[in-house]
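Enquirer: For reference, the file final.txt (compact mmCIF, C-alpha atoms) is included below:
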# COMPACT_ATOMS: atom_id res chain seq x y z
CA MET A 1 2.14 -16.49 0.99
CA ARG A 2 3.10 -12.99 2.07
CA ALA A 3 6.73 -12.02 1.56
CA ARG A 4 8.42 -9.89 4.20
CA SER A 5 8.72 -6.22 3.24
CA LEU A 6 12.22 -4.76 3.08
CA THR A 7 13.11 -1.86 5.34
CA LEU A 8 15.94 0.60 5.70
CA ALA A 9 16.49 -0.68 9.22
CA ALA A 10 16.08 -4.41 8.79
CA ALA A 11 18.20 -5.19 11.81
CA SER A 12 15.47 -3.89 14.10
CA ALA A 13 13.19 -6.70 12.95
CA ALA A 14 14.92 -8.97 15.43
CA LEU A 15 13.73 -6.92 18.40
CA LEU A 16 10.77 -8.22 20.34
CA ALA A 17 7.65 -6.13 19.71
CA PRO A 18 4.83 -5.79 22.25
CA THR A 19 2.05 -8.32 22.02
CA THR A 20 -1.57 -8.04 23.02
CA SER A 21 -3.64 -10.25 25.27
CA PRO A 22 -6.55 -12.20 23.70
CA ALA A 23 -9.00 -10.18 25.77
CA LEU A 24 -7.68 -6.87 24.42
CA GLU A 25 -7.58 -8.21 20.86
CA HIS A 26 -11.24 -9.22 21.20
CA ALA A 27 -12.18 -5.82 22.56
CA THR A 28 -10.38 -3.89 19.83
CA ALA A 29 -11.86 -6.11 17.11
CA ARG A 30 -15.29 -4.79 18.01
CA THR A 31 -14.15 -1.20 17.54
CA GLU A 32 -12.66 -1.51 14.05
CA PRO A 33 -13.41 1.56 11.90
CA ALA A 34 -16.23 1.20 9.42
CA VAL A 35 -15.49 0.87 5.71
CA ARG A 36 -15.46 4.34 4.21
CA ARG A 37 -15.40 5.91 0.77
CA GLU A 38 -13.03 8.80 0.19
CA GLY A 39 -13.39 11.58 -2.33
CA LYS A 40 -15.75 12.16 -5.20
CA VAL A 41 -13.92 10.45 -8.07
CA ALA A 42 -15.74 7.21 -8.85
CA ALA A 43 -13.93 3.90 -8.95
CA ALA A 44 -15.46 3.17 -12.35
CA ASP A 45 -14.01 6.37 -13.80
CA LEU A 46 -10.52 5.55 -12.54
CA LEU A 47 -10.74 1.98 -13.82
CA ALA A 48 -11.84 3.23 -17.23
CA LYS A 49 -8.54 5.09 -17.53
CA VAL A 50 -6.42 2.01 -16.84
CA ARG A 51 -8.06 -0.52 -19.14
CA THR A 52 -5.08 -0.49 -21.50
CA CYS A 53 -1.60 -1.32 -20.31
CA VAL A 54 1.48 0.28 -21.79
CA PRO A 55 4.22 -1.52 -19.84
CA VAL A 56 6.90 0.55 -18.15
CA SER A 57 8.43 -2.45 -16.37
CA ARG A 58 10.94 -4.61 -18.23
CA GLY A 59 9.27 -7.76 -17.02
CA ARG A 60 6.46 -8.98 -14.81
CA TYR A 61 6.03 -9.50 -11.10
CA ARG A 62 4.75 -12.39 -9.05
CA SER A 63 1.72 -11.72 -6.87
CA ASP A 64 3.17 -14.11 -4.25
CA ASP A 65 6.23 -16.28 -3.86
CA GLY A 66 5.79 -19.44 -5.89
CA THR A 67 3.27 -18.00 -8.37
CA ALA A 68 3.87 -17.21 -12.02
CA ALA A 69 5.21 -13.77 -12.92
CA SER A 70 2.14 -12.25 -14.56
CA VAL A 71 1.77 -8.65 -13.31
CA PRO A 72 3.28 -5.81 -15.38
CA VAL A 73 3.63 -2.24 -14.20
CA CYS A 74 1.88 -0.01 -16.69
CA GLY A 75 2.23 3.69 -17.28
CA THR A 76 0.59 6.83 -18.57
CA ARG A 77 1.94 10.36 -18.72
CA ASP A 78 0.70 11.07 -15.21
CA ALA A 79 0.64 7.75 -13.36
CA VAL A 80 1.89 4.21 -13.11
CA PHE A 81 -0.44 1.37 -12.21
CA TRP A 82 -0.71 -2.35 -11.67
CA LYS A 83 -3.53 -4.82 -11.10
CA ALA A 84 -2.82 -7.47 -8.52
CA ASP A 85 -3.80 -9.07 -5.26
CA MET A 86 -3.49 -7.47 -1.84
CA ASP A 87 -1.33 -8.95 0.88
CA ILE A 88 -1.41 -7.27 4.28
CA ASP A 89 1.59 -5.27 5.49
CA CYS A 90 1.46 -4.92 9.29
CA ASP A 91 5.00 -3.55 9.65
CA GLY A 92 6.02 -0.40 11.45
CA ARG A 93 5.09 0.83 14.89
CA PRO A 94 3.51 -2.01 16.88
CA GLY A 95 -0.06 -1.75 18.11
CA PRO A 96 -2.90 -4.01 19.23
CA ARG A 97 -3.54 -5.32 15.69
CA CYS A 98 -0.01 -5.28 14.27
CA ASN A 99 2.72 -6.81 16.41
CA ARG A 100 4.86 -9.90 16.67
CA GLY A 101 2.01 -11.81 18.29
CA THR A 102 -0.50 -11.11 15.52
CA ASP A 103 1.92 -11.27 12.57
CA PRO A 104 4.66 -13.92 12.30
CA LEU A 105 6.47 -11.79 9.70
CA PHE A 106 6.22 -8.58 11.69
CA SER A 107 9.00 -5.99 11.42
CA ASP A 108 8.96 -2.89 13.60
CA ALA A 109 10.43 -0.77 10.79
CA THR A 110 9.19 0.61 7.47
CA ALA A 111 11.26 1.90 4.58
CA PHE A 112 10.07 5.45 5.24
CA GLN A 113 9.61 7.38 8.46
CA GLN A 114 7.28 9.99 9.85
CA SER A 115 8.32 13.60 10.34
CA ASP A 116 9.13 12.81 14.00
CA GLY A 117 11.51 10.01 13.03
CA ARG A 118 9.18 7.18 14.06
CA TYR A 119 8.25 4.42 11.65
CA LEU A 120 4.81 4.39 10.06
CA SER A 121 1.82 2.73 11.68
CA ALA A 122 0.24 0.14 9.38
CA GLU A 123 -2.82 0.11 11.64
CA ARG A 124 -3.49 3.82 11.28
CA LEU A 125 -1.97 4.99 8.00
CA PRO A 126 -3.19 3.84 4.59
CA TYR A 127 -0.04 3.09 2.63
CA ILE A 128 1.03 0.78 -0.18
CA VAL A 129 4.22 -1.20 -0.75
CA VAL A 130 6.31 -0.92 -3.91
CA PRO A 131 8.87 -3.50 -5.03
CA ALA A 132 12.52 -2.77 -4.38
CA PRO A 133 14.34 -1.41 -7.45
CA SER A 134 15.46 -4.25 -9.69
CA ARG A 135 16.07 -5.12 -13.31
CA ILE A 136 12.29 -5.52 -13.63
CA TRP A 137 11.45 -1.96 -12.63
CA ASP A 138 12.90 0.94 -10.68
CA HIS A 139 10.01 2.96 -9.29
CA ARG A 140 12.27 5.96 -8.67
CA GLU A 141 12.82 6.38 -12.41
CA HIS A 142 9.08 6.95 -12.83
CA GLY A 143 8.52 9.60 -10.19
CA VAL A 144 7.52 7.20 -7.41
CA ARG A 145 9.16 7.68 -4.02
CA GLY A 146 8.22 7.59 -0.37
CA GLY A 147 5.15 9.75 0.23
CA ALA A 148 3.91 9.51 -3.36
CA VAL A 149 0.11 9.45 -3.55
CA ALA A 150 -1.82 6.40 -4.73
CA ALA A 151 -5.46 5.68 -5.46
CA VAL A 152 -6.22 2.08 -4.54
CA VAL A 153 -9.38 0.72 -6.15
CA TYR A 154 -11.29 -2.37 -5.08
CA GLY A 155 -14.82 -2.98 -6.30
CA ASP A 156 -16.62 0.35 -6.13
CA ARG A 157 -14.34 1.78 -3.45
CA VAL A 158 -11.40 4.16 -3.75
CA GLN A 159 -8.89 4.59 -0.95
CA TYR A 160 -6.13 7.19 -1.12
CA ALA A 161 -2.81 6.14 0.33
CA VAL A 162 0.89 6.95 0.23
CA VAL A 163 3.88 4.88 -0.78
CA GLY A 164 5.06 3.86 2.67
CA ASP A 165 7.16 0.72 2.43
CA VAL A 166 9.40 -1.24 0.05
CA GLY A 167 9.07 -4.96 -0.53
CA PRO A 168 10.95 -7.74 -2.34
CA GLY A 169 12.09 -6.96 -5.86
CA HIS A 170 10.09 -9.75 -7.51
CA VAL A 171 6.66 -9.47 -5.79
CA ILE A 172 3.94 -6.83 -6.11
CA GLY A 173 0.54 -6.30 -4.49
CA GLU A 174 0.73 -5.31 -0.82
CA ALA A 175 -0.75 -2.56 1.35
CA SER A 176 -1.09 -1.65 4.99
CA TYR A 177 -3.66 -2.97 7.45
CA ALA A 178 -5.40 0.44 7.34
CA THR A 179 -5.67 0.40 3.54
CA ALA A 180 -7.24 -3.05 3.47
CA LYS A 181 -9.66 -2.26 6.28
CA ALA A 182 -10.87 0.90 4.57
CA LEU A 183 -11.54 -1.03 1.36
CA GLY A 184 -13.52 -3.76 3.09
CA ILE A 185 -10.73 -6.32 2.64
CA ARG A 186 -9.99 -8.58 5.59
CA PRO A 187 -6.86 -7.02 7.12
CA ASP A 188 -5.59 -9.98 9.14
CA PRO A 189 -1.86 -10.39 8.33
CA ARG A 190 -2.08 -14.14 8.97
CA GLY A 191 -4.65 -14.92 6.30
CA GLY A 192 -6.38 -11.76 5.17
CA GLY A 193 -6.07 -9.81 1.95
CA THR A 194 -7.61 -10.76 -1.36
CA PRO A 195 -6.21 -12.88 -4.22
CA SER A 196 -7.16 -10.46 -7.01
CA GLY A 197 -9.19 -7.45 -8.04
CA VAL A 198 -7.09 -4.59 -6.65
CA THR A 199 -5.84 -1.74 -8.85
CA TYR A 200 -3.00 0.45 -7.59
CA ILE A 201 -2.64 3.83 -9.33
CA VAL A 202 0.34 5.94 -8.24
CA PHE A 203 0.54 9.53 -9.42
CA ARG A 204 3.98 10.42 -10.77
CA ASN A 205 6.03 13.04 -8.94
CA SER A 206 3.41 13.49 -6.23
CA LYS A 207 4.39 13.76 -2.59
CA VAL A 208 2.68 14.20 0.77
CA LYS A 209 4.73 15.88 3.45
CA PRO A 210 4.63 14.91 6.21
CA ILE A 211 4.05 11.39 4.99
CA GLU A 212 1.71 10.60 7.91
CA ASP A 213 -0.77 13.36 6.99
CA HIS A 214 -3.59 11.24 5.59
CA ALA A 215 -5.90 14.22 5.12
CA ALA A 216 -3.28 15.75 2.81
CA ALA A 217 -3.03 12.45 0.91
CA VAL A 218 -6.80 12.46 0.39
CA ALA A 219 -6.84 16.08 -0.78
CA THR A 220 -3.90 15.58 -3.13
CA GLY A 221 -5.19 12.24 -4.36
CA GLU A 222 -8.65 13.59 -5.07
CA ARG A 223 -7.23 16.50 -7.07
CA LEU A 224 -4.84 14.31 -9.08
CA ALA A 225 -7.47 11.62 -9.62
CA GLY A 226 -9.85 14.24 -10.98
CA LEU A 227 -7.24 15.47 -13.45
CA PHE A 228 -6.38 11.88 -14.34
CA VAL A 229 -9.92 10.89 -15.30
CA GLN A 230 -10.38 14.14 -17.23
CA GLY A 231 -7.18 13.48 -19.14
CA LYS A 232 -5.62 16.80 -18.18
What would you get if you wrote out this structure as structure tokens?
Expert:
Amino acid sequence: MRARSLTLAAASAALLAPTTSPALEHATARTEPAVRREGKVAAADLLAKVRTCVPVSRGRYRSDDGTAASVPVCGTRDAVFWKADMDIDCDGRPGPRCNRGTDPLFSDATAFQQSDGRYLSAERLPYIVVPAPSRIWDHREHGVRGGAVAAVVYGDRVQYAVVGDVGPGHVIGEASYATAKALGIRPDPRGGGTPSGVTYIVFRNSKVKPIEDHAAAVATGERLAGLFVQGK
């Protein structure tokens, strides 16, 4: 069960977002972008650096409401990471794939905004969701804020993303529609995602500005991932 992400403008969630006709949804489904691999740092090399967990969280997170709290946030000098599931965040600016008609938990706001003041687009921008600060863990104390760069690893694929939204303080393991699609994970907010096998590595004190510049996230992520695997 996906938990609703928190936003800085939660009141706007009550507004009616545009929906898409079945015919248009069918047409856009045939034009989904192909799964892609970004950068030159191999997934296996990144995973080799996160085999051992030194917890930085004071407790553990649930992967979904109603499940056992079993996911710690771990840390190194340069990054924090966790291994969890992936639920699909479709929040932000509505589009043909992410709107109130396609997602019963849809919110038209995200915790962070683009440089033009608009909310992020889950359909277009690869981003991840971090838990709201709590007694378990406060991401801000570990150099993780909006626009921080993450390497998301699933199987042999690496997708660079930014921290783009904030979720409930007791659940971890969520990313945008675009992140899931790029990793070959079913991005449907109603029943997509994957129950396990996703590693989220967030580089401390990194930042992409403007937050919507995915090319900058890839360039920064590739550089930091290279240093991370080399231990520099």
Enquirer: Nearest residue to Thr52 of chain A out of A:Val198, A:Cys74, A:Ala68, A:Ala150, using only C-alpha atoms?
Expert: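 The answer is A:Cys74, which sits nearest to Thr52 of chain A.
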Enquirer: Taking into account all atoms listed in the file, which residue in the set A:Pro96, A:Gly169, A:Gly155, A:Gly164 is nearest to Ile128 of chain A?
Expert: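 Nearest to Ile128 of chain A: A:Gly164.
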Enquirer: Go ahead and compute the interatomic distance for atom CA of Ser57 of chain A and atom CA of Ile136 of chain A, in Å to one decimal.
Expert: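 About the pair atom CA of Ser57 of chain A and atom CA of Ile136 of chain A: they are 5.6 Å apart.
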Enquirer: For Glu141 of chain A, which residue among A:Ser176, A:Asn205, A:Gln159, A:Gln114 is the nearest when counting all atoms listed in the file?
Expert: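 Once distances to Glu141 of chain A are computed over all atoms listed in the file, the minimum belongs to A:Asn205.
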Enquirer: Which residue, A:Arg145, A:Arg186, A:Arg51, A:Arg100, has the smallest gap to Phe112 of chain A when you use only C-alpha atoms?
Expert: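 Closest to Phe112 of chain A, using only C-alpha atoms: A:Arg145.
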Enquirer: Rank A:Val80, A:Leu227, A:Val158, A:Leu105 by their smallest atom-to-atom distance to Arg204 of chain A, using only C-alpha atoms, and report the top residue only.
Expert: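 Using only C-alpha atoms, Arg204 of chain A sits closest to A:Val80.
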Enquirer: Between A:Asp45, A:Asp116, A:Asp91, A:Asp85, which residue has the minimum interatomic distance to Tyr177 of chain A, considering only C-alpha atoms?
Expert: A:Asp91
Enquirer: In the coordinates of the file, take the point (-1.5, 1.4, 6.5) and a cut-off of 7 Å; then, counting all atoms listed in the file, name each qualifying protein, DNA or RNA residue as a PDB file with C-alpha atoms, in the frame of the given file.
Expert:
ATOM      1  CA  SER A 121       1.820   2.730  11.680  1.00  0.00           C
ATOM      2  CA  ALA A 122       0.240   0.140   9.380  1.00  0.00           C
ATOM      3  CA  GLU A 123      -2.820   0.110  11.640  1.00  0.00           C
ATOM      4  CA  ARG A 124      -3.490   3.820  11.280  1.00  0.00           C
ATOM      5  CA  LEU A 125      -1.970   4.990   8.000  1.00  0.00           C
ATOM      6  CA  PRO A 126      -3.190   3.840   4.590  1.00  0.00           C
ATOM      7  CA  TYR A 127      -0.040   3.090   2.630  1.00  0.00           C
ATOM      8  CA  ALA A 175      -0.750  -2.560   1.350  1.00  0.00           C
ATOM      9  CA  SER A 176      -1.090  -1.650   4.990  1.00  0.00           C
ATOM     10  CA  TYR A 177      -3.660  -2.970   7.450  1.00  0.00           C
ATOM     11  CA  ALA A 178      -5.400   0.440   7.340  1.00  0.00           C
ATOM     12  CA  THR A 179      -5.670   0.400   3.540  1.00  0.00           C
TER      13      THR A 179
END
Enquirer: Go ahead and compute the interatomic distance for atom CA of Ile172 of chain A and atom CA of Arg93 of chain A, in Å to one decimal.
Expert: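 Atom-to-atom, atom CA of Ile172 of chain A and atom CA of Arg93 of chain A are spaced 22.4 Å apart.
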Enquirer: Could you please determine the separation between atom CA of Pro168 of chain A and atom CA of Pro55 of chain A in Å, to one decimal place?
Expert: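 About the pair atom CA of Pro168 of chain A and atom CA of Pro55 of chain A: they are 19.8 Å apart.
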Enquirer: Residues near Glu174 of chain A, anyone? I mean within 10 Å using all atoms listed in the file, not counting same-chain ones fewer than 5 positions away, as a list of chain:residue names.
Expert: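 Near Glu174 of chain A, the qualifying residues are A:Arg2, A:Ala3, A:Ser5, A:Ser63, A:Asp64, A:Ala84, A:Asp85, A:Met86, A:Asp87, A:Ile88, A:Asp89, A:Tyr127, A:Ile128, A:Val129, A:Val130, A:Pro131, A:Asp165, A:Val166, A:Gly167, A:Thr179, A:Ala180, A:Gly193, A:Thr194, A:Val198, A:Tyr200.
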Enquirer: Would you give the centre and edge lengths, in Å to one decimal, of a box along x, y and z around the listed atoms of segment 73-85 of chain A, with 8 Å added to each side, as lines of an AutoDock Vina configuration file?
Expert:
center_x = -0.1
center_y = 1.0
center_z = -12.0
size_x = 23.4
size_y = 36.1
size_z = 29.5
Enquirer: Need to verify the contact set: Arg77 of chain A, 10 Å, all atoms listed in the file, exclusion of same-chain residues closer than 2 positions in sequence. Can you return it as a list in words?
Expert: Gly75, Ala79, Val80, His142, Phe203, Arg204, Phe228, Gly231 and Lys232 of chain A
